[in-house]
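Shown next: run_28.csv, containing CSV, C-alpha atoms.
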```csv
chain,number,residue,atom,x,y,z
G,14,PHE,CA,126.5,101.7,119.3
G,15,PHE,CA,124.0,103.7,117.2
G,16,TRP,CA,122.2,104.8,120.4
G,17,LEU,CA,125.5,105.4,122.3
G,18,ARG,CA,126.7,107.4,119.4
G,19,ASN,CA,123.6,109.7,119.6
G,20,LEU,CA,124.1,110.0,123.4
G,21,SER,CA,127.8,110.2,123.6
G,22,PRO,CA,129.6,113.4,124.6
G,23,PHE,CA,132.3,112.6,122.1
G,24,PRO,CA,132.0,114.4,118.8
G,25,VAL,CA,131.4,112.6,115.6
G,26,GLY,CA,133.7,113.9,112.8
G,27,SER,CA,135.1,116.6,115.1
G,28,GLU,CA,137.5,119.4,114.1
G,29,SER,CA,140.4,117.3,115.5
G,30,GLY,CA,139.9,115.0,112.5
G,31,GLU,CA,138.2,112.0,114.2
G,32,ASP,CA,136.1,110.0,111.7
G,33,SER,CA,133.0,108.1,112.5
G,34,SER,CA,134.9,104.8,113.2
G,35,SER,CA,137.1,106.6,115.7
G,36,SER,CA,134.0,108.1,117.4
G,37,LEU,CA,132.4,104.6,117.6
G,38,ARG,CA,135.6,103.3,119.1
G,39,LEU,CA,135.5,106.0,121.8
G,40,CYS,CA,131.8,105.1,122.3
G,41,ALA,CA,132.8,101.5,122.9
G,42,GLU,CA,135.5,102.6,125.3
G,43,TYR,CA,133.0,104.7,127.1
G,44,PHE,CA,130.6,101.8,127.2
G,45,PHE,CA,133.0,99.3,128.6
G,46,SER,CA,134.7,101.6,131.0
G,47,GLY,CA,131.7,101.6,133.3
G,48,GLN,CA,130.3,104.9,132.1
G,49,LEU,CA,127.1,103.1,130.9
G,50,LYS,CA,126.1,102.8,134.5
G,51,LYS,CA,126.0,106.6,134.7
G,52,VAL,CA,123.9,106.8,131.6
G,53,CYS,CA,121.5,104.2,133.0
G,54,CYS,CA,121.3,106.2,136.2
G,55,LEU,CA,120.5,109.3,134.2
G,56,LEU,CA,117.8,107.5,132.3
G,57,MET,CA,116.2,106.4,135.6
G,58,PHE,CA,116.3,110.0,136.8
G,59,VAL,CA,114.7,111.2,133.6
G,60,LYS,CA,112.1,108.4,133.5
G,61,HIS,CA,111.0,109.1,137.1
G,62,GLY,CA,110.6,112.8,136.6
G,63,MET,CA,113.9,114.4,137.5
G,64,ASN,CA,114.9,117.5,135.6
G,65,SER,CA,116.9,116.0,132.8
G,66,GLN,CA,118.0,119.4,131.4
G,67,PHE,CA,120.6,119.6,134.3
G,68,ALA,CA,121.4,115.9,134.5
G,69,LEU,CA,125.2,115.1,134.4
G,70,LEU,CA,126.7,112.3,132.4
G,71,GLY,CA,129.6,111.4,134.7
G,72,SER,CA,132.5,113.1,136.5
G,73,ALA,CA,133.4,116.7,136.2
G,74,LYS,CA,135.7,115.9,133.3
G,75,HIS,CA,132.8,114.7,131.2
G,76,CYS,CA,130.2,116.9,132.7
G,77,MET,CA,127.7,118.1,130.1
G,78,LEU,CA,124.6,120.1,130.4
G,79,ALA,CA,121.9,118.3,128.3
G,80,SER,CA,121.1,120.6,125.4
G,81,SER,CA,117.9,120.4,123.6
G,82,ALA,CA,119.4,118.1,121.0
G,83,VAL,CA,120.9,115.8,123.6
G,84,PHE,CA,117.7,115.9,125.6
G,85,ARG,CA,115.8,114.6,122.5
G,86,ARG,CA,118.3,111.8,122.1
G,87,GLN,CA,117.9,110.9,125.8
G,88,GLN,CA,114.1,110.8,125.4
G,89,PHE,CA,114.6,108.6,122.3
G,90,LEU,CA,116.7,106.1,124.2
G,91,ILE,CA,114.2,106.0,127.1
G,92,ARG,CA,111.4,105.1,124.7
G,93,THR,CA,113.7,102.5,123.1
G,94,LEU,CA,114.5,100.9,126.4
G,95,GLY,CA,110.9,100.5,127.6
G,96,GLY,CA,108.8,103.6,126.8
G,97,TYR,CA,106.1,101.3,125.4
G,98,THR,CA,104.5,99.8,128.5
G,99,ASN,CA,101.2,98.0,128.6
G,100,GLN,CA,99.6,101.2,130.1
G,101,ASN,CA,100.9,103.2,127.2
G,102,HIS,CA,99.6,100.7,124.8
G,103,LEU,CA,96.1,100.7,126.4
G,104,LYS,CA,96.1,104.5,126.5
G,105,ARG,CA,96.8,104.7,122.8
G,106,MET,CA,94.0,102.2,122.1
G,107,GLN,CA,91.6,104.4,124.1
G,108,GLN,CA,92.8,107.5,122.2
G,109,THR,CA,92.2,105.8,118.9
G,110,LYS,CA,88.7,104.6,120.0
G,111,ALA,CA,87.9,108.3,120.8
G,112,MET,CA,89.1,109.3,117.4
G,113,SER,CA,86.8,106.8,115.7
G,114,GLY,CA,83.8,108.8,116.6
G,115,THR,CA,84.2,110.7,113.3
G,116,THR,CA,81.3,110.4,110.8
G,117,PHE,CA,83.8,108.9,108.3
G,118,GLU,CA,84.5,105.9,110.6
G,119,ALA,CA,83.5,102.6,109.1
G,120,ASP,CA,81.7,99.9,111.1
G,121,SER,CA,84.7,97.7,110.5
G,122,GLU,CA,83.9,95.1,113.2
G,123,ASN,CA,80.5,94.2,111.7
G,124,ILE,CA,81.8,94.4,108.1
G,125,LEU,CA,84.6,92.1,109.0
G,126,ARG,CA,82.2,89.5,110.4
G,127,ALA,CA,79.6,90.0,107.7
G,128,ILE,CA,81.8,89.2,104.7
G,129,THR,CA,84.0,86.5,106.2
G,130,PRO,CA,82.6,83.1,105.2
G,131,ASN,CA,81.8,80.4,107.7
G,132,LEU,CA,84.0,77.3,107.9
G,133,ASP,CA,81.6,75.0,106.1
G,134,PRO,CA,82.5,71.3,105.8
G,135,SER,CA,80.3,71.0,102.8
G,136,LYS,CA,82.5,73.3,100.7
G,137,HIS,CA,85.3,71.9,98.6
G,138,LYS,CA,88.9,73.2,98.3
G,139,GLY,CA,89.0,76.5,96.4
G,140,GLN,CA,85.6,77.9,97.3
G,141,ALA,CA,87.0,80.0,100.1
G,142,GLY,CA,89.3,81.9,97.7
G,143,LYS,CA,92.2,81.4,95.3
G,144,ILE,CA,94.8,84.2,95.4
G,145,ALA,CA,97.8,84.9,93.1
G,146,VAL,CA,100.7,87.2,94.0
G,147,ILE,CA,102.8,88.7,91.2
G,148,GLY,CA,106.1,89.6,92.7
G,149,GLY,CA,109.4,88.3,94.1
G,150,CYS,CA,112.8,88.9,92.5
G,151,ARG,CA,116.5,88.4,93.5
G,152,GLU,CA,116.5,91.1,96.1
G,153,TYR,CA,113.0,90.7,97.6
G,154,THR,CA,111.5,87.4,98.6
G,155,GLY,CA,109.9,88.2,101.9
G,156,ALA,CA,107.1,90.5,100.7
G,157,PRO,CA,105.5,88.1,98.2
G,158,TYR,CA,105.7,85.3,100.8
G,159,PHE,CA,104.0,87.4,103.5
G,160,ALA,CA,101.2,88.5,101.1
G,161,ALA,CA,100.6,84.9,100.0
G,162,ILE,CA,100.8,83.2,103.4
G,163,SER,CA,98.6,85.9,105.1
G,164,ALA,CA,95.8,85.0,102.7
G,165,LEU,CA,96.0,81.3,103.7
G,166,LYS,CA,96.2,82.3,107.4
G,167,ILE,CA,92.8,84.0,107.3
G,168,GLY,CA,91.1,81.3,105.4
G,169,ALA,CA,91.8,81.3,101.7
G,170,ASP,CA,92.2,77.8,100.2
G,171,LEU,CA,95.0,78.3,97.6
G,172,SER,CA,97.7,80.9,97.3
G,173,HIS,CA,100.0,81.2,94.3
G,174,VAL,CA,103.2,83.2,93.8
G,175,PHE,CA,104.5,84.1,90.3
G,176,CYS,CA,108.1,85.2,90.7
G,177,THR,CA,111.5,85.1,89.1
G,178,LYS,CA,113.6,81.9,89.0
G,179,ASP,CA,116.1,83.4,91.5
G,180,ALA,CA,113.4,84.0,94.0
G,181,ALA,CA,111.4,80.8,93.6
G,182,SER,CA,113.5,78.4,95.6
G,183,VAL,CA,113.8,80.9,98.4
G,184,ILE,CA,110.1,81.5,98.6
G,185,LYS,CA,109.4,77.7,98.4
G,186,SER,CA,111.7,77.2,101.3
G,187,TYR,CA,109.6,79.5,103.5
G,188,SER,CA,106.5,77.3,103.3
G,189,PRO,CA,105.3,74.2,101.5
G,190,GLU,CA,101.8,75.6,101.6
G,191,LEU,CA,102.4,78.0,98.7
G,192,ILE,CA,102.2,77.2,95.0
G,193,VAL,CA,105.3,78.9,93.4
G,194,HIS,CA,105.7,79.6,89.7
G,195,PRO,CA,109.3,80.6,88.7
G,196,ILE,CA,108.3,82.1,85.4
G,197,LEU,CA,109.2,85.9,85.6
G,198,GLU,CA,112.5,87.1,84.1
G,199,GLU,CA,114.7,90.1,84.6
G,200,SER,CA,116.7,92.0,82.0
G,201,TYR,CA,120.1,90.7,83.1
G,202,SER,CA,119.1,87.1,82.1
G,203,VAL,CA,117.4,87.9,78.7
G,204,ARG,CA,119.0,89.0,75.5
G,205,ASP,CA,117.3,91.9,73.7
G,206,GLU,CA,116.4,89.8,70.7
G,207,ASP,CA,114.8,87.2,73.0
G,208,LYS,CA,112.6,89.6,75.0
G,209,PRO,CA,109.5,89.4,72.8
G,210,SER,CA,109.4,85.6,72.8
G,211,ILE,CA,110.1,85.4,76.6
G,212,SER,CA,107.4,88.0,77.4
G,213,GLY,CA,104.9,86.0,75.3
G,214,LYS,CA,105.8,82.8,77.2
G,215,VAL,CA,105.4,84.5,80.6
G,216,LEU,CA,102.0,85.9,79.7
G,217,ALA,CA,100.9,82.6,78.3
G,218,GLU,CA,101.8,80.7,81.5
G,219,VAL,CA,100.0,83.2,83.7
G,220,ASN,CA,96.9,83.2,81.4
G,221,LYS,CA,96.6,79.4,81.9
G,222,TRP,CA,95.8,80.1,85.5
G,223,MET,CA,94.1,83.5,85.3
G,224,GLU,CA,90.4,82.4,85.2
G,225,ARG,CA,90.9,80.3,88.4
G,226,PHE,CA,91.9,83.3,90.5
G,227,ASP,CA,89.5,85.3,92.7
G,228,CYS,CA,92.1,88.1,93.2
G,229,LEU,CA,95.5,89.1,91.8
G,230,VAL,CA,98.0,90.9,94.1
G,231,VAL,CA,100.6,92.9,92.1
G,232,GLY,CA,103.7,94.4,93.5
G,233,PRO,CA,105.1,92.8,96.7
G,234,GLY,CA,108.8,92.3,96.1
G,235,LEU,CA,108.4,93.0,92.4
G,236,GLY,CA,111.4,95.3,92.0
G,237,ARG,CA,111.8,97.8,89.2
G,238,ASP,CA,113.6,95.9,86.5
G,239,PRO,CA,112.3,97.4,83.1
G,240,PHE,CA,111.7,94.1,81.4
G,241,LEU,CA,110.0,92.5,84.4
G,242,LEU,CA,107.7,95.6,84.7
G,243,ASP,CA,106.8,95.3,81.0
G,244,CYS,CA,105.7,91.7,81.5
G,245,VAL,CA,103.7,92.6,84.6
G,246,ARG,CA,102.0,95.4,82.6
G,247,GLU,CA,100.7,92.8,80.1
G,248,ILE,CA,99.6,90.5,82.9
G,249,MET,CA,97.5,93.3,84.5
G,250,LYS,CA,95.9,94.1,81.1
G,251,HIS,CA,94.8,90.4,80.8
G,252,ALA,CA,93.6,90.3,84.4
G,253,ARG,CA,91.5,93.4,83.6
G,254,GLN,CA,90.1,91.7,80.5
G,255,SER,CA,89.2,88.7,82.6
G,256,ASN,CA,87.5,90.9,85.3
G,257,VAL,CA,89.8,89.6,88.0
G,258,PRO,CA,90.1,92.0,91.0
G,259,ILE,CA,93.6,93.5,91.3
G,260,VAL,CA,95.2,94.7,94.6
G,261,ILE,CA,98.2,96.8,93.8
G,262,ASP,CA,101.0,97.4,96.4
G,263,GLY,CA,104.7,98.1,96.6
G,264,ASP,CA,106.5,98.4,93.2
G,265,GLY,CA,103.2,97.7,91.5
G,266,LEU,CA,102.2,101.2,92.6
G,267,PHE,CA,105.5,102.5,91.0
G,268,LEU,CA,104.3,100.8,87.7
G,269,VAL,CA,100.8,102.2,88.0
G,270,THR,CA,101.9,105.7,88.8
G,271,ASP,CA,103.8,105.8,85.5
G,272,SER,CA,101.0,104.0,83.6
G,273,LEU,CA,97.6,105.1,85.1
G,274,ASP,CA,95.8,103.6,82.1
G,275,LEU,CA,96.4,100.2,83.6
G,276,VAL,CA,93.8,100.9,86.3
G,277,SER,CA,91.9,103.9,85.2
G,278,GLY,CA,88.2,103.2,84.8
G,279,TYR,CA,88.6,99.7,86.4
G,280,PRO,CA,86.3,99.4,89.5
G,281,LEU,CA,87.9,96.1,90.6
G,282,ALA,CA,91.3,97.8,91.1
G,283,VAL,CA,92.5,98.6,94.7
G,284,LEU,CA,95.5,100.7,95.3
G,285,THR,CA,97.2,100.5,98.8
G,286,PRO,CA,99.8,103.2,99.0
G,287,ASN,CA,102.0,104.1,102.0
G,288,ILE,CA,102.9,107.7,102.6
G,289,ASN,CA,105.6,108.0,99.9
G,290,GLU,CA,103.6,106.0,97.3
G,291,TYR,CA,100.6,108.2,98.0
G,292,LYS,CA,102.7,111.4,97.6
G,293,ARG,CA,103.8,110.3,94.2
G,294,LEU,CA,100.2,109.5,93.1
G,295,VAL,CA,99.0,112.9,94.4
G,296,GLU,CA,101.7,114.7,92.5
G,297,LYS,CA,101.1,112.8,89.3
G,298,VAL,CA,97.3,112.9,89.3
G,299,LEU,CA,96.4,116.1,91.1
G,300,ASN,CA,99.6,118.0,90.5
G,301,CYS,CA,99.9,119.2,94.1
G,302,LYS,CA,101.3,118.3,97.4
G,303,VAL,CA,99.7,116.0,100.0
G,304,ASP,CA,97.3,118.0,102.2
G,305,ASP,CA,96.9,116.2,105.6
G,306,HIS,CA,94.5,118.9,106.8
G,307,ASP,CA,92.0,118.0,104.1
G,308,ALA,CA,93.0,114.4,103.7
G,309,HIS,CA,89.4,113.1,103.1
G,310,GLU,CA,88.7,115.5,100.3
G,311,GLN,CA,92.0,115.0,98.7
G,312,LEU,CA,91.7,111.2,98.7
G,313,LEU,CA,88.2,111.5,97.2
G,314,SER,CA,89.7,113.8,94.4
G,315,LEU,CA,92.5,111.3,93.8
G,316,ALA,CA,90.2,108.4,93.4
G,317,LYS,CA,88.0,110.4,91.1
G,318,GLY,CA,91.0,111.6,89.2
G,319,ILE,CA,92.3,108.1,88.5
G,320,GLY,CA,88.8,106.9,87.7
G,321,SER,CA,86.7,104.2,89.4
G,322,VAL,CA,89.5,102.7,91.5
G,323,THR,CA,89.4,102.2,95.2
G,324,ILE,CA,92.3,103.6,97.2
G,325,LEU,CA,93.4,102.5,100.7
G,326,ARG,CA,95.7,105.2,102.1
G,327,LYS,CA,97.7,103.6,104.9
G,328,GLY,CA,98.5,105.7,107.9
G,329,LYS,CA,97.7,106.4,111.6
G,330,SER,CA,94.1,105.9,110.5
G,331,ASP,CA,93.6,104.1,107.2
G,332,LEU,CA,91.5,106.1,104.8
G,333,ILE,CA,89.5,104.4,102.0
G,334,SER,CA,87.8,105.9,99.0
G,335,ASP,CA,86.2,104.8,95.7
G,336,GLY,CA,85.7,108.3,94.5
G,337,GLU,CA,82.1,108.4,95.8
G,338,THR,CA,82.6,108.1,99.6
G,339,VAL,CA,85.4,108.1,102.2
G,340,LYS,CA,85.7,105.7,105.1
G,341,SER,CA,88.2,105.5,107.9
G,342,VAL,CA,89.5,102.6,110.0
G,343,SER,CA,91.0,103.9,113.2
G,344,ILE,CA,91.3,100.6,115.2
G,345,TYR,CA,94.5,100.8,117.1
G,346,GLY,CA,97.2,98.6,115.6
G,347,SER,CA,100.8,98.7,116.6
G,348,PRO,CA,103.5,101.4,116.8
G,349,ARG,CA,105.8,98.9,115.0
G,350,ARG,CA,105.3,99.4,111.3
G,351,CYS,CA,105.4,95.9,109.8
G,352,GLY,CA,104.5,95.0,106.3
G,353,GLY,CA,93.5,91.2,103.3
G,354,GLN,CA,93.5,90.8,99.7
G,355,VAL,CA,91.2,87.8,100.1
G,356,PHE,CA,88.5,90.0,101.6
G,357,LEU,CA,87.9,91.7,98.3
G,358,SER,CA,86.9,88.3,96.9
G,359,TRP,CA,84.8,87.4,99.9
G,360,ALA,CA,83.0,90.8,99.8
G,361,ARG,CA,82.0,90.3,96.2
G,362,GLN,CA,80.8,86.7,96.9
G,363,ARG,CA,78.9,87.7,100.0
G,364,LEU,CA,77.0,90.6,98.4
G,365,SER,CA,76.3,88.5,95.3
G,366,ALA,CA,74.7,85.7,97.4
G,367,ALA,CA,72.8,88.2,99.7
G,368,GLU,CA,71.0,89.8,96.8
G,369,GLY,CA,70.6,93.1,98.6
G,370,ASP,CA,69.4,91.7,101.9
G,371,LEU,CA,72.4,92.8,104.0
G,372,PRO,CA,72.7,96.3,105.6
G,373,ILE,CA,76.1,96.6,103.8
G,374,SER,CA,74.7,95.8,100.4
G,375,LYS,CA,74.8,99.4,99.2
G,376,ILE,CA,78.5,99.7,99.8
G,377,ASN,CA,81.0,99.1,97.1
G,378,PRO,CA,82.5,95.6,97.6
G,379,THR,CA,86.0,96.9,97.0
G,380,VAL,CA,85.5,99.4,99.8
G,381,LEU,CA,84.1,96.6,102.1
G,382,GLY,CA,87.2,94.5,101.3
G,383,CYS,CA,89.5,97.3,102.2
G,384,ILE,CA,87.7,98.0,105.5
G,385,ALA,CA,87.8,94.4,106.5
G,386,GLY,CA,91.4,93.9,105.5
G,387,SER,CA,92.5,97.1,107.3
G,388,ALA,CA,90.6,96.2,110.5
G,389,LEU,CA,91.9,92.7,110.6
G,390,MET,CA,95.5,93.7,110.1
G,391,ARG,CA,95.3,96.4,112.8
G,392,LYS,CA,93.7,94.1,115.3
G,393,ALA,CA,96.3,91.4,114.7
G,394,ALA,CA,99.1,94.0,114.9
G,395,SER,CA,97.7,95.2,118.3
G,396,LEU,CA,97.7,91.6,119.7
G,397,ALA,CA,101.2,90.9,118.3
G,398,PHE,CA,102.6,94.1,119.8
G,399,GLN,CA,101.1,93.4,123.2
G,400,ASN,CA,102.9,90.1,123.1
G,401,LYS,CA,106.2,91.0,121.4
G,402,LYS,CA,106.6,94.7,122.1
G,403,ARG,CA,109.5,96.3,120.2
G,404,SER,CA,110.6,92.9,118.7
G,405,THR,CA,107.3,92.6,116.8
G,406,LEU,CA,107.9,91.4,113.2
G,407,THR,CA,105.6,90.8,110.3
G,408,SER,CA,105.7,87.1,111.0
G,409,ASP,CA,104.4,87.7,114.5
G,410,ILE,CA,101.4,89.7,113.2
G,411,ILE,CA,100.6,86.9,110.7
G,412,GLU,CA,100.4,84.4,113.6
G,413,PHE,CA,97.5,86.5,115.1
G,414,LEU,CA,95.5,87.0,111.9
G,415,GLY,CA,93.2,84.0,112.3
G,416,LYS,CA,92.6,84.8,116.0
G,417,ARG,CA,90.9,88.0,115.1
G,418,ILE,CA,88.1,86.5,113.0
G,419,PHE,CA,85.1,84.9,114.8
G,420,VAL,CA,82.4,83.6,112.6
G,421,PRO,CA,79.9,81.1,114.0
G,422,PRO,CA,79.2,78.3,114.1
G,423,PHE,CA,82.4,76.4,113.3
G,424,ASP,CA,84.9,79.1,114.3
G,425,ALA,CA,83.2,79.1,117.7
G,426,ALA,CA,83.8,75.5,118.2
G,427,ALA,CA,87.4,75.8,117.1
G,428,SER,CA,88.1,78.6,119.5
```
Full structure transcribed into structure tokens:
Amino acid sequence: FFWLRNLSPFPVGSESGEDSSSSLRLCAEYFFSGQLKKVCCLLMFVKHGMNSQFALLGSAKHCMLASSAVFRRQQFLIRTLGGYTNQNHLKRMQQTKAMSGTTFEADSENILRAITPNLDPSKHKGQAGKIAVIGGCREYTGAPYFAAISALKIGADLSHVFCTKDAASVIKSYSPELIVHPILEESYSVRDEDKPSISGKVLAEVNKWMERFDCLVVGPGLGRDPFLLDCVREIMKHARQSNVPIVIDGDGLFLVTDSLDLVSGYPLAVLTPNINEYKRLVEKVLNCKVDDHDAHEQLLSLAKGIGSVTILRKGKSDLISDGETVKSVSIYGSPRRCGGQVFLSWARQRLSAAEGDLPISKINPTVLGCIAGSALMRKAASLAFQNKKRSTLTSDIIEFLGKRIFVPPFDAAAS
């Protein structure tokens, strides 16, 4: 009905006093009266090259020259009903490969393979990575689950989620593979006089586990409750004191934007903003608007302005900077925007074990982790979209994560 509403010749909120519900009723009548057949005929004409500017939507009574606005809506519906064909998908992938010729483009394929550990039967549980996600509240339970389960899907051994009590049972029901800690509290469930003691208990519980973690992911499904954010602020301070790498996403970036001291000067912090989160960071730190024409230099300035952090700016091409260099990952992903923290841990372990013998040894491990995570997610998204098209969901992408890593010798046998 949304699409019909945009295409329908009936006005929405017209001068005759029709409200939106009346217009939708008229759209429904239009739909069920057989007029949809005429719309489909029109779409076929447009799709096969007819001049849609003069296409008619029915009999003379409902004749309507397609104005520019209506034409755009028709084009939108055409794309919706099948504009993304396999040929279009391949064409976009080829265009992206052509873009990747820039000097900023990272050698993401080799980096991904270089820092991903072999499946070694001599290793014990936990050596492939232990990840903790700080997030999950009443409203948001999906994001922390996806962050935690994706780490397991690509090879991490253990994945913890520290969330509110309201979110814990829901997240547990998603998968028995996750270790869920229902310890966070929101303002509505805590009296003002009890907040200091509750905050202390939360911090003490997280600290019992902190030294075991290879990476902390802060923000997925966190929400913006003031008391909850205060607790997370203290958790981040303790993680920094323990030299635990921190990946910050979602509402964690909302917290960091207001409290830059949490990450400023900490080289193991990685920020992963989307377009709106990046805009807020740029306005706060650089006091200017986002400049897409000079995106590399602005990202470099932003990382320097915050101090020592690594930033992964998500977009058509992912841009990564630690304040010293800028790298780009342009592997074609998916036109569906669906929401690799473990790579940060793996990169540090790999470079530490190599002792300077690898070609990538001179690159900041946080940058390497970002490149690998970005490349893997884009490859998995591309595979998922080829398989699911417009119905692609985050869960579909997760199913393809492990299929995009090939590390001999044991992965070869498994494949």
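With all atoms listed in the file as the basis for measurement, G:Ser343 is the residue among G:Ser343, G:Ser210, G:Ser277, G:Ser334 that approaches G:Leu389 most closely.
For the residues G:Pro286, G:Pro378, G:Gly142, G:Gly236, ranking by smallest atom-to-atom distance to G:Gly168 using only C-alpha atoms places G:Gly142 first.
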Out of G:Leu242, G:Ala156, G:Cys383, G:Ala164, which residue has the shortest atom-to-atom distance to G:Leu284 when counting all atoms listed in the file?
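Closest residue, counting all atoms listed in the file: G:Cys383.
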Atom CA of G:Ser341 to atom CA of G:Asn123, distance in Å rounded to a single decimal:
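Distance reported for this atom pair: 14.2 Å.
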All residues 8 Å or closer to stretch 319-331 of chain G, all atoms listed in the file, same chain fewer than 4 positions away omitted, as a ChimeraX atom specification
/G:273,276-288,291,298,312,315,335-336,341-344,379-380,383,387
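As for atom CA of G:Leu266 and atom CA of G:Leu396, they are spaced 29.1 Å apart.
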Point-to-point distance from atom CA of G:Ser202 to atom CA of G:Thr270, Å rounded to tenths
26.2 Å
